[in-house]
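K.L.:
Pasting work-v9.cif below, which is mmCIF, C-alpha atoms.
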data_protein
loop_
_atom_site.label_atom_id
_atom_site.label_comp_id
_atom_site.auth_asym_id
_atom_site.auth_seq_id
_atom_site.Cartn_x
_atom_site.Cartn_y
_atom_site.Cartn_z
CA MET Y 1 24.91 0.85 -20.12
CA ASP Y 2 25.90 3.65 -17.72
CA THR Y 3 22.83 4.86 -15.81
CA SER Y 4 24.62 7.17 -13.38
CA ASN Y 5 22.67 10.38 -12.75
CA THR Y 6 19.84 9.34 -15.08
CA LEU Y 7 16.10 8.96 -14.55
CA HIS Y 8 14.14 6.80 -16.99
CA TRP Y 9 10.37 6.85 -16.61
CA MET Y 10 7.12 5.81 -18.28
CA HIS Y 11 4.02 8.00 -18.05
CA ILE Y 12 0.62 6.35 -18.50
CA SER Y 13 -2.92 7.53 -17.84
CA ASP Y 14 -6.62 6.86 -18.36
CA LEU Y 15 -6.96 3.09 -18.66
CA HIS Y 16 -10.68 3.32 -17.72
CA LYS Y 17 -10.82 -0.35 -16.79
CA GLY Y 18 -14.37 -1.65 -16.98
CA GLN Y 19 -15.59 0.73 -19.67
CA ASP Y 20 -17.96 -0.81 -22.21
CA GLY Y 21 -16.46 -1.61 -25.60
CA THR Y 22 -12.87 -2.12 -24.44
CA SER Y 23 -12.59 -5.50 -22.67
CA HIS Y 24 -12.16 -7.77 -25.70
CA SER Y 25 -9.48 -5.68 -27.44
CA TRP Y 26 -7.52 -4.75 -24.34
CA PRO Y 27 -5.53 -8.03 -23.93
CA LEU Y 28 -4.25 -7.62 -27.51
CA VAL Y 29 -3.28 -4.02 -26.86
CA ARG Y 30 -1.70 -4.87 -23.52
CA GLN Y 31 0.56 -7.44 -25.21
CA GLN Y 32 1.71 -4.80 -27.70
CA ILE Y 33 2.52 -2.48 -24.78
CA VAL Y 34 4.47 -5.28 -23.06
CA GLN Y 35 6.56 -5.82 -26.18
CA ASP Y 36 7.15 -2.07 -26.51
CA ILE Y 37 8.30 -1.86 -22.88
CA ILE Y 38 10.81 -4.63 -23.48
CA SER Y 39 12.09 -2.87 -26.62
CA GLN Y 40 12.43 0.42 -24.74
CA ILE Y 41 14.42 -1.24 -21.96
CA ARG Y 42 16.77 -2.88 -24.45
CA ARG Y 43 17.23 0.43 -26.24
CA SER Y 44 17.59 2.83 -23.29
CA GLY Y 45 18.06 0.81 -20.12
CA PRO Y 46 15.86 -0.14 -17.16
CA ILE Y 47 12.75 1.89 -16.33
CA ASP Y 48 13.15 3.48 -12.90
CA LEU Y 49 9.70 4.96 -12.38
CA VAL Y 50 6.16 4.52 -13.71
CA ILE Y 51 3.79 7.44 -13.25
CA PHE Y 52 0.07 6.66 -13.62
CA SER Y 53 -1.86 9.92 -13.63
CA GLY Y 54 -5.34 8.65 -12.84
CA ASP Y 55 -8.50 7.11 -14.26
CA LEU Y 56 -7.27 3.59 -13.69
CA ALA Y 57 -10.88 2.40 -13.39
CA PHE Y 58 -14.14 3.54 -14.98
CA LYS Y 59 -16.66 3.56 -12.12
CA GLY Y 60 -14.26 3.15 -9.20
CA SER Y 61 -15.54 -0.30 -8.24
CA ALA Y 62 -13.50 -2.82 -6.28
CA ALA Y 63 -13.88 -5.34 -9.13
CA GLU Y 64 -12.42 -2.86 -11.64
CA PHE Y 65 -9.46 -2.14 -9.41
CA ALA Y 66 -8.82 -5.88 -9.02
CA GLU Y 67 -8.56 -6.10 -12.81
CA VAL Y 68 -6.25 -3.08 -12.91
CA LYS Y 69 -3.95 -4.78 -10.42
CA ALA Y 70 -3.83 -7.91 -12.59
CA ASP Y 71 -2.87 -5.75 -15.60
CA LEU Y 72 -0.13 -4.01 -13.63
CA VAL Y 73 1.33 -7.36 -12.60
CA LYS Y 74 1.67 -8.26 -16.30
CA LEU Y 75 3.38 -4.95 -17.04
CA TRP Y 76 5.78 -5.45 -14.12
CA ASP Y 77 6.71 -8.84 -15.54
CA ALA Y 78 7.83 -6.96 -18.67
CA PHE Y 79 9.76 -4.38 -16.65
CA GLY Y 80 11.56 -7.25 -14.93
CA THR Y 81 12.97 -8.76 -18.12
CA ASP Y 82 16.35 -7.22 -17.24
CA GLY Y 83 15.94 -7.59 -13.50
CA GLY Y 84 14.38 -4.14 -13.18
CA ASN Y 85 11.58 -3.32 -10.76
CA PRO Y 86 10.39 0.27 -11.22
CA VAL Y 87 8.48 2.13 -8.58
CA LEU Y 88 4.86 3.05 -9.28
CA PHE Y 89 3.54 6.51 -8.42
CA ILE Y 90 -0.18 7.10 -8.91
CA VAL Y 91 -2.93 9.65 -8.33
CA PRO Y 92 -6.69 9.14 -8.61
CA GLY Y 93 -8.76 10.46 -11.50
CA ASN Y 94 -12.41 11.41 -11.67
CA HIS Y 95 -13.30 7.82 -12.72
CA ASP Y 96 -11.49 6.33 -9.72
CA LEU Y 97 -14.12 7.44 -7.24
CA VAL Y 98 -17.56 6.08 -6.53
CA ARG Y 99 -19.92 8.93 -7.39
CA PRO Y 100 -22.00 10.15 -4.42
CA ASP Y 101 -25.74 9.62 -4.31
CA ALA Y 102 -28.02 12.26 -5.78
CA ASP Y 103 -29.04 13.39 -2.28
CA SER Y 104 -25.43 14.05 -1.23
CA VAL Y 105 -25.08 17.52 0.27
CA PHE Y 106 -21.44 17.77 -0.77
CA LEU Y 107 -22.33 16.95 -4.38
CA HIS Y 108 -24.44 20.08 -4.57
CA VAL Y 109 -21.89 22.46 -3.04
CA ALA Y 110 -18.60 21.04 -4.39
CA ASP Y 111 -18.37 23.36 -7.40
CA ASN Y 112 -19.12 26.44 -5.27
CA LEU Y 113 -16.80 25.86 -2.34
CA ARG Y 114 -14.72 28.94 -3.13
CA GLU Y 115 -17.85 31.03 -2.49
CA ASN Y 116 -18.52 29.25 0.83
CA ASP Y 117 -15.34 29.94 2.72
CA SER Y 118 -16.45 28.62 6.11
CA ALA Y 119 -17.49 25.24 4.67
CA ARG Y 120 -14.30 25.04 2.61
CA ARG Y 121 -12.14 25.82 5.64
CA ALA Y 122 -13.93 23.16 7.68
CA LEU Y 123 -13.43 20.63 4.89
CA LEU Y 124 -9.70 21.34 4.75
CA GLU Y 125 -9.08 21.63 8.48
CA LYS Y 126 -11.45 19.19 10.22
CA PRO Y 127 -10.95 15.46 9.55
CA ASN Y 128 -14.40 14.62 10.96
CA PHE Y 129 -16.30 17.28 9.02
CA VAL Y 130 -19.20 15.72 7.11
CA TYR Y 131 -17.86 16.85 3.71
CA ARG Y 132 -14.44 15.32 4.42
CA LYS Y 133 -16.09 12.04 5.35
CA GLU Y 134 -17.98 12.08 2.03
CA VAL Y 135 -14.77 12.67 0.08
CA ASN Y 136 -13.01 9.83 1.89
CA ALA Y 137 -15.95 7.48 1.26
CA CYS Y 138 -15.91 8.24 -2.48
CA PHE Y 139 -12.29 7.05 -2.74
CA GLU Y 140 -12.44 4.03 -0.40
CA ASN Y 141 -12.02 1.48 -3.22
CA TYR Y 142 -9.09 3.41 -4.65
CA THR Y 143 -7.43 3.63 -1.24
CA SER Y 144 -7.84 -0.12 -0.69
CA PHE Y 145 -6.43 -0.83 -4.14
CA VAL Y 146 -3.28 1.22 -3.47
CA ALA Y 147 -2.78 -0.54 -0.14
CA SER Y 148 -2.95 -3.93 -1.89
CA LEU Y 149 -0.26 -3.30 -4.53
CA ALA Y 150 2.82 -4.13 -2.47
CA ALA Y 151 1.50 -7.64 -1.75
CA ALA Y 152 1.10 -8.11 -5.53
CA GLY Y 153 4.80 -7.38 -6.04
CA ILE Y 154 4.38 -3.82 -7.30
CA PRO Y 155 6.50 -1.32 -5.35
CA THR Y 156 4.72 1.97 -4.76
CA ALA Y 157 6.30 5.33 -4.04
CA THR Y 158 4.26 6.68 -1.16
CA VAL Y 159 6.07 7.95 1.91
CA GLN Y 160 3.71 10.65 3.13
CA GLU Y 161 -0.06 10.56 2.80
CA GLY Y 162 -1.91 13.84 2.86
CA LEU Y 163 -5.17 15.69 3.26
CA PHE Y 164 -7.35 13.79 0.79
CA PRO Y 165 -7.12 10.21 -0.50
CA GLY Y 166 -4.50 10.24 -3.26
CA ASP Y 167 -2.52 13.16 -1.87
CA THR Y 168 0.95 11.63 -1.53
CA SER Y 169 4.64 12.38 -1.71
CA ALA Y 170 7.83 10.39 -1.96
CA ILE Y 171 11.56 10.93 -2.33
CA LEU Y 172 13.20 8.25 -4.45
CA LYS Y 173 16.91 7.58 -4.57
CA VAL Y 174 17.58 6.64 -8.20
CA ASN Y 175 21.01 6.32 -9.85
CA GLY Y 176 22.61 8.87 -7.55
CA LEU Y 177 19.67 11.29 -7.73
CA ASN Y 178 17.05 12.36 -5.22
CA VAL Y 179 13.73 12.45 -7.09
CA GLY Y 180 10.87 14.22 -5.34
CA LEU Y 181 7.33 13.21 -6.27
CA VAL Y 182 4.16 14.99 -5.22
CA GLY Y 183 0.77 13.62 -6.20
CA LEU Y 184 -2.32 15.75 -5.56
CA ASN Y 185 -5.93 14.62 -5.87
CA SER Y 186 -7.49 17.01 -8.39
CA SER Y 187 -10.70 14.95 -8.61
CA TRP Y 188 -12.29 15.51 -5.21
CA THR Y 189 -14.73 18.08 -6.67
CA HIS Y 190 -15.19 16.25 -10.00
CA LEU Y 191 -18.17 14.28 -8.71
CA SER Y 192 -20.37 13.98 -11.81
CA ASN Y 193 -20.17 13.90 -15.59
CA GLU Y 194 -21.74 17.33 -15.78
CA ILE Y 195 -18.78 19.19 -14.26
CA PRO Y 196 -17.40 21.45 -17.03
CA ARG Y 197 -13.87 22.65 -17.54
CA SER Y 198 -12.69 25.48 -15.23
CA HIS Y 199 -14.79 24.38 -12.26
CA LEU Y 200 -12.56 22.11 -10.15
CA ASP Y 201 -10.79 22.93 -6.91
CA ILE Y 202 -7.34 22.23 -5.53
CA ALA Y 203 -5.77 23.63 -2.38
CA ILE Y 204 -2.35 24.72 -1.20
CA GLU Y 205 -3.18 22.78 1.97
CA GLN Y 206 -2.98 19.56 -0.07
CA LEU Y 207 0.62 20.33 -1.05
CA SER Y 208 1.54 21.36 2.50
CA SER Y 209 0.08 18.17 3.96
CA VAL Y 210 2.48 15.93 2.02
CA THR Y 211 5.61 18.05 2.41
CA GLY Y 212 5.77 18.54 6.16
CA GLU Y 213 4.13 21.97 5.98
CA ASP Y 214 7.35 23.24 4.37
CA PHE Y 215 7.25 22.67 0.62
CA PRO Y 216 10.35 24.76 -0.24
CA GLY Y 217 12.40 22.95 2.38
CA TRP Y 218 11.12 19.57 1.16
CA ALA Y 219 11.81 20.43 -2.49
CA MET Y 220 15.36 21.57 -1.77
CA LEU Y 221 16.23 18.07 -0.57
CA ASN Y 222 15.93 16.84 -4.15
CA ASP Y 223 17.66 17.12 -7.50
CA ILE Y 224 14.41 16.77 -9.46
CA ASN Y 225 10.80 17.38 -8.43
CA PHE Y 226 7.66 16.21 -10.25
CA LEU Y 227 4.08 17.27 -9.61
CA VAL Y 228 1.45 14.73 -10.67
CA THR Y 229 -2.30 15.38 -10.93
CA HIS Y 230 -5.02 13.85 -13.06
CA HIS Y 231 -6.33 17.12 -14.52
CA PRO Y 232 -4.50 19.87 -16.38
CA ALA Y 233 -4.45 23.28 -14.74
CA ASP Y 234 -7.13 24.74 -17.01
CA TRP Y 235 -9.75 22.45 -15.45
CA LEU Y 236 -9.44 24.42 -12.19
CA SER Y 237 -11.79 27.24 -11.30
CA PRO Y 238 -10.36 30.77 -11.70
CA HIS Y 239 -9.60 31.12 -7.99
CA ALA Y 240 -8.14 27.63 -7.73
CA LEU Y 241 -6.06 28.21 -10.87
CA GLU Y 242 -4.61 31.40 -9.41
CA GLU Y 243 -3.64 29.54 -6.25
CA PHE Y 244 -2.23 26.62 -8.25
CA GLN Y 245 -0.02 28.85 -10.40
CA SER Y 246 1.18 31.08 -7.56
CA SER Y 247 1.56 28.58 -4.70
CA VAL Y 248 1.45 24.98 -5.94
CA PHE Y 249 3.12 24.47 -9.33
CA VAL Y 250 6.00 26.82 -8.56
CA PRO Y 251 8.79 26.49 -11.15
CA ASP Y 252 11.41 27.48 -8.58
CA TYR Y 253 10.86 24.02 -7.09
CA PHE Y 254 8.93 21.81 -9.52
CA ASP Y 255 10.64 20.72 -12.74
CA ALA Y 256 7.58 19.23 -14.42
CA HIS Y 257 3.82 18.75 -14.14
CA LEU Y 258 2.49 15.39 -15.34
CA PHE Y 259 -1.22 14.75 -15.90
CA GLY Y 260 -3.76 12.97 -18.11
CA HIS Y 261 -7.52 13.39 -18.56
CA MET Y 262 -7.31 14.96 -22.03
CA HIS Y 263 -6.63 11.66 -23.87
CA ASP Y 264 -3.80 12.93 -26.05
CA ASN Y 265 0.00 13.06 -25.86
CA LEU Y 266 1.23 16.64 -25.52
CA PRO Y 267 4.66 17.11 -23.95
CA SER Y 268 5.76 20.76 -23.94
CA GLU Y 269 8.01 23.31 -22.30
CA GLN Y 270 7.17 26.81 -21.11
CA THR Y 271 9.05 29.70 -19.54
CA ILE Y 272 7.77 31.19 -16.29
CA GLY Y 273 9.93 34.07 -15.11
CA ALA Y 274 13.53 32.89 -15.09
CA HIS Y 275 12.65 29.21 -15.06
CA LYS Y 276 11.72 26.54 -17.58
CA SER Y 277 8.68 24.45 -16.75
CA ARG Y 278 7.87 21.13 -18.45
CA ILE Y 279 4.38 19.83 -19.06
CA PHE Y 280 3.76 16.13 -19.77
CA GLN Y 281 0.19 15.43 -20.85
CA ALA Y 282 -0.38 11.71 -21.39
CA ALA Y 283 -2.75 10.13 -23.86
CA SER Y 284 -5.39 7.62 -22.82
CA LEU Y 285 -3.85 4.18 -22.38
CA PHE Y 286 -7.08 2.58 -23.58
CA GLY Y 287 -10.10 4.62 -22.48
CA LEU Y 288 -12.78 5.07 -25.13
CA GLU Y 289 -13.64 8.75 -25.52
CA LYS Y 290 -16.74 9.95 -27.35
CA VAL Y 291 -16.74 13.28 -29.19
CA ARG Y 292 -20.21 14.43 -30.21
CA GLY Y 293 -21.42 10.87 -29.79
CA VAL Y 294 -18.74 9.31 -32.01
CA ALA Y 295 -16.02 7.05 -30.60
CA ASP Y 296 -12.62 8.73 -30.74
CA ARG Y 297 -9.70 6.42 -30.03
CA ARG Y 298 -6.47 8.26 -29.21
CA HIS Y 299 -4.33 5.86 -27.23
CA GLY Y 300 -0.74 6.04 -26.14
CA TYR Y 301 1.82 6.84 -23.45
CA THR Y 302 5.30 8.31 -23.09
CA PHE Y 303 8.78 7.16 -22.17
CA ALA Y 304 11.34 9.77 -21.09
CA LYS Y 305 14.95 9.71 -19.92
CA LEU Y 306 16.70 12.57 -18.18
CA GLU Y 307 20.51 12.60 -18.36
CA VAL Y 308 21.63 15.04 -15.72
CA VAL Y 309 25.30 15.19 -16.73
CA ASN Y 310 24.35 16.28 -20.25
CA GLU Y 311 21.36 18.33 -19.00
CA VAL Y 312 19.10 16.85 -21.65
CA CYS Y 313 15.85 14.90 -21.61
CA GLU Y 314 14.90 12.49 -24.40
CA VAL Y 315 11.18 11.81 -24.88
CA TRP Y 316 9.59 8.91 -26.77
CA PRO Y 317 5.85 9.63 -27.31
CA ARG Y 318 4.11 6.39 -28.27
CA ARG Y 319 0.81 5.87 -30.08
CA ILE Y 320 -1.42 2.78 -30.01
CA ILE Y 321 -3.36 2.47 -33.25
CA GLN Y 322 -5.52 -0.03 -35.05
CA LYS Y 323 -4.23 -0.61 -38.56
CA ALA Y 324 -6.35 -1.09 -41.67
CA ASN Y 325 -6.22 -4.86 -41.11
CA ARG Y 326 -7.70 -4.27 -37.60
CA VAL Y 327 -4.43 -5.28 -35.92
CA TRP Y 328 -3.35 -3.15 -32.95
CA GLU Y 329 0.21 -1.79 -33.00
CA VAL Y 330 2.38 0.57 -30.97
CA GLU Y 331 4.46 3.10 -32.89
CA ALA Y 332 6.12 6.50 -32.56
CA ASP Y 333 3.48 9.22 -32.21
CA GLY Y 334 3.83 11.18 -35.46
CA ARG Y 335 1.41 13.82 -34.20
CA VAL Y 336 4.10 14.96 -31.77
CA LEU Y 337 7.26 14.05 -33.69
CA LYS Y 338 8.67 15.32 -36.97
CA GLY Y 339 9.24 13.14 -40.01
CA ASP Y 340 10.71 9.75 -39.16
CA GLU Y 341 11.82 10.71 -35.65
CA ARG Y 342 11.30 8.20 -32.84
CA SER Y 343 12.03 10.71 -30.10
CA PHE Y 344 12.89 14.33 -29.43
CA THR Y 345 15.10 16.07 -26.87
CA PHE Y 346 15.03 19.31 -24.95
CA PRO Y 347 17.45 20.88 -22.45
CA TRP Y 348 16.88 20.22 -18.76
CA PRO Y 349 19.38 22.08 -16.59
CA LEU Y 350 19.15 21.29 -12.91
CA ARG Y 351 18.23 23.92 -10.38
CA SER Y 352 21.26 25.24 -8.51
CA PHE Y 353 20.29 24.41 -4.93
CA ALA Y 354 20.67 20.62 -5.17
CA PRO Y 355 24.19 19.23 -5.72
CA ILE Y 356 24.59 16.17 -7.91
CA LYS Y 357 25.62 13.04 -6.03
CA LYS Y 358 28.96 11.57 -7.10
CA HIS Y 359 29.71 7.86 -7.24
#
Take the structure in the file and give it back as structure tokens.
P.N.:
Amino acid sequence: MDTSNTLHWMHISDLHKGQDGTSHSWPLVRQQIVQDIISQIRRSGPIDLVIFSGDLAFKGSAAEFAEVKADLVKLWDAFGTDGGNPVLFIVPGNHDLVRPDADSVFLHVADNLRENDSARRALLEKPNFVYRKEVNACFENYTSFVASLAAAGIPTATVQEGLFPGDTSAILKVNGLNVGLVGLNSSWTHLSNEIPRSHLDIAIEQLSSVTGEDFPGWAMLNDINFLVTHHPADWLSPHALEEFQSSVFVPDYFDAHLFGHMHDNLPSEQTIGAHKSRIFQAASLFGLEKVRGVADRRHGYTFAKLEVVNEVCEVWPRRIIQKANRVWEVEADGRVLKGDERSFTFPWPLRSFAPIKKH
């Protein structure tokens, strides 16, 4: 199978390892995912990249992250059935931090930082500022987990660490392509369950910190650029959303935004000015969501393959369901697809500033 100038990835999110009511069923579901990975590889070739857009754990404990690592090792065994060894790129979610104590000062100001400019500037600019220390402490278990993955045989795509834990970037060389990855921590102000939609913060400084203070220059090194966060844009506060849309997720440079948090597959495409922008929202891999007190299981993930020569991307949205006989199975996600389709395609022309590498 010719893989020249292709990028084949898997997007997963929201495992919520350690959540009550999931531990006994998860090994059965994981085995179904393993079999589906092997089938996807045989159908479309090796997986080059796995993007995990947060909420790996449930309470951010070291024990939960140890279990996540054991699960990832099993998935990487499946990826290696053809000798493949994809790179993992991850960001933290709001369940991947240890929530601060009730007397935390930062907890009580986090959702109003945009109205307290001096404190916000100190947080972003001073590594030893008390609020920055609190943020770092919340993500210590996550940071240790990421540092332990290479020793477990899981290659991670982190070249440049940034302002907050989980702010990272990497440039992968895959099948003749330069693939730029930026992961931004969108959870550093999501410190309790009571935080509603449209209240989170994100900062242009986070993007600058992982791209050498020159994001356009960094982006122009690459053929494809992905932005990965845990939250969708509409979870940001109005001021943060304005900054995100004008200065962070800039379609001149980013080809796609990948995220989770909403527990449902929803890949889409939108036009911003003269550019197409792709949105990949991943379902929950196995987190148990409750809607008005009732368990709502919507599990799944997505495979996608970009063929640069043909300027087309094929997407396989997958759904994990429990059949009437209580058996778990993985199948094409009919909520996203039409009829008996297994996948769908959409055009993906490359931006003009990055020449394609020739073999």
K.L.:
Let me make sure I understand: among Y:Val315, Y:Leu181, Y:Ile321, Y:Ala151, which one has the smallest atom-to-atom distance to Pro267 (chain Y) if we use all atoms listed in the file?
P.N.:
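Nearest to Pro267 (chain Y): Y:Val315.
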K.L.:
Taking all atoms listed in the file into account, name the residue in Y:His190, Y:Asn178, Y:Ala240, Y:Val87 that is nearest to Ile202 (chain Y).
P.N.:
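Among the listed residues, Y:Ala240 lies closest to Ile202 (chain Y).
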K.L.:
Nearest to Thr143 (chain Y) among Y:Asn112, Y:Ser61, Y:Gln32, Y:Ser192, with distances taken over only C-alpha atoms: which residue is it?
P.N.:
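Nearest to Thr143 (chain Y): Y:Ser61.
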K.L.:
Interatomic distance between CA of Gln19 (chain Y) and CA of Phe106 (chain Y)?
P.N.:
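Between these atoms lies a distance of 26.1 Å.
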K.L.:
Evaluate the PyMOL selection byres ((chain Y and resi 33-40) around 7) on the structure here and hand back the selected residues as number ranges by chain.
P.N.:
Y: 29-32, 41-44, 75, 78-79, 330
K.L.:
Please report the interatomic distance between CA of Asp14 (chain Y) and CA of Gly287 (chain Y) in Å with one decimal.
P.N.:
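Answer for the CA of Asp14 (chain Y) to CA of Gly287 (chain Y) separation: 5.8 Å.
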K.L.:
Using only C-alpha atoms for the distances, tell me which of Y:Leu236, Y:Leu49, Y:Ala203, Y:Ile195 is nearest to Asp167 (chain Y).
P.N.:
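Of all the options, Y:Ala203 lies closest to Asp167 (chain Y).
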K.L.:
Take the PyMOL selection byres ((chain Y and resi 306) around 9), apply it to the structure above, and return the hits as a list in words.
P.N.:
Asn5, Thr6, Leu7, His8, Trp9, Ala304, Lys305, Glu307, Val308, Asn310, Glu311, Val312, Cys313, Glu314, Val315 and Trp348 of chain Y
K.L.:
Expanded to explicit residues, what is the PyMOL selection byres ((chain Y and resi 217-221) around 7) for this file, as a PDB file with C-alpha atoms, keeping the file's coordinate frame?
P.N.:
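And here's result.pdb as it stands now:
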ATOM      1  CA  GLY Y 180      10.870  14.220  -5.340  1.00  0.00           C
ATOM      2  CA  THR Y 211       5.610  18.050   2.410  1.00  0.00           C
ATOM      3  CA  ASP Y 214       7.350  23.240   4.370  1.00  0.00           C
ATOM      4  CA  PHE Y 215       7.250  22.670   0.620  1.00  0.00           C
ATOM      5  CA  PRO Y 216      10.350  24.760  -0.240  1.00  0.00           C
ATOM      6  CA  ASN Y 222      15.930  16.840  -4.150  1.00  0.00           C
ATOM      7  CA  ASN Y 225      10.800  17.380  -8.430  1.00  0.00           C
ATOM      8  CA  TYR Y 253      10.860  24.020  -7.090  1.00  0.00           C
ATOM      9  CA  PHE Y 353      20.290  24.410  -4.930  1.00  0.00           C
ATOM     10  CA  ALA Y 354      20.670  20.620  -5.170  1.00  0.00           C
TER      11      ALA Y 354
END
K.L.:
So the first atom is CA of Ile320 (chain Y) and the second is CA of Arg298 (chain Y); what is the distance between them in Å, to one decimal place?
P.N.:
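These atoms are spaced 7.5 Å apart.
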K.L.:
Let me make sure I understand: among Y:Ser148, Y:Thr168, Y:Ser343, Y:Asn175, which one has the smallest atom-to-atom distance to Phe65 (chain Y) if we use all atoms listed in the file?
P.N.:
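For Phe65 (chain Y), the nearest of the given residues is Y:Ser148.
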K.L.:
Just add all heavy atoms to region 159-166 of chain Y and send it as a compact mmCIF listing (two decimals), in the frame of the given file.
P.N.:
# COMPACT_ATOMS: atom_id res chain seq x y z
N VAL Y 159 5.45 7.81 0.59
CA VAL Y 159 6.07 7.95 1.91
C VAL Y 159 5.17 8.73 2.83
O VAL Y 159 4.98 8.39 4.00
CB VAL Y 159 7.45 8.64 1.78
CG1 VAL Y 159 8.02 8.93 3.16
CG2 VAL Y 159 8.42 7.77 0.98
N GLN Y 160 4.53 9.77 2.31
CA GLN Y 160 3.71 10.65 3.13
C GLN Y 160 2.33 10.77 2.51
O GLN Y 160 2.18 11.21 1.37
CB GLN Y 160 4.36 12.04 3.23
CG GLN Y 160 3.56 13.06 4.02
CD GLN Y 160 3.47 12.69 5.49
OE1 GLN Y 160 4.49 12.44 6.12
NE2 GLN Y 160 2.27 12.65 6.04
N GLU Y 161 1.30 10.35 3.24
CA GLU Y 161 -0.06 10.56 2.80
C GLU Y 161 -0.55 11.90 3.30
O GLU Y 161 -0.07 12.42 4.31
CB GLU Y 161 -0.96 9.43 3.29
CG GLU Y 161 -0.56 8.08 2.73
CD GLU Y 161 -1.48 6.96 3.18
OE1 GLU Y 161 -2.38 7.23 3.99
OE2 GLU Y 161 -1.29 5.82 2.71
N GLY Y 162 -1.53 12.48 2.57
CA GLY Y 162 -1.91 13.84 2.86
C GLY Y 162 -3.37 14.05 3.20
O GLY Y 162 -4.04 13.17 3.75
N LEU Y 163 -3.86 15.21 2.84
CA LEU Y 163 -5.17 15.69 3.26
C LEU Y 163 -6.30 14.82 2.73
O LEU Y 163 -7.18 14.38 3.47
CB LEU Y 163 -5.34 17.14 2.78
CG LEU Y 163 -6.55 17.91 3.26
CD1 LEU Y 163 -6.51 18.13 4.76
CD2 LEU Y 163 -6.62 19.26 2.54
N PHE Y 164 -6.31 14.57 1.43
CA PHE Y 164 -7.35 13.79 0.79
C PHE Y 164 -6.78 12.45 0.30
O PHE Y 164 -5.56 12.35 0.07
CB PHE Y 164 -7.94 14.54 -0.41
CG PHE Y 164 -8.67 15.80 -0.05
CD1 PHE Y 164 -8.44 16.96 -0.78
CD2 PHE Y 164 -9.58 15.83 0.98
CE1 PHE Y 164 -9.10 18.13 -0.47
CE2 PHE Y 164 -10.24 17.00 1.31
CZ PHE Y 164 -10.02 18.15 0.58
N PRO Y 165 -7.61 11.44 0.10
CA PRO Y 165 -7.12 10.21 -0.50
C PRO Y 165 -6.44 10.51 -1.84
O PRO Y 165 -6.97 11.23 -2.68
CB PRO Y 165 -8.39 9.38 -0.71
CG PRO Y 165 -9.37 9.92 0.29
CD PRO Y 165 -9.06 11.38 0.40
N GLY Y 166 -5.24 9.97 -2.03
CA GLY Y 166 -4.50 10.24 -3.26
C GLY Y 166 -3.50 11.36 -3.16
O GLY Y 166 -2.66 11.52 -4.05
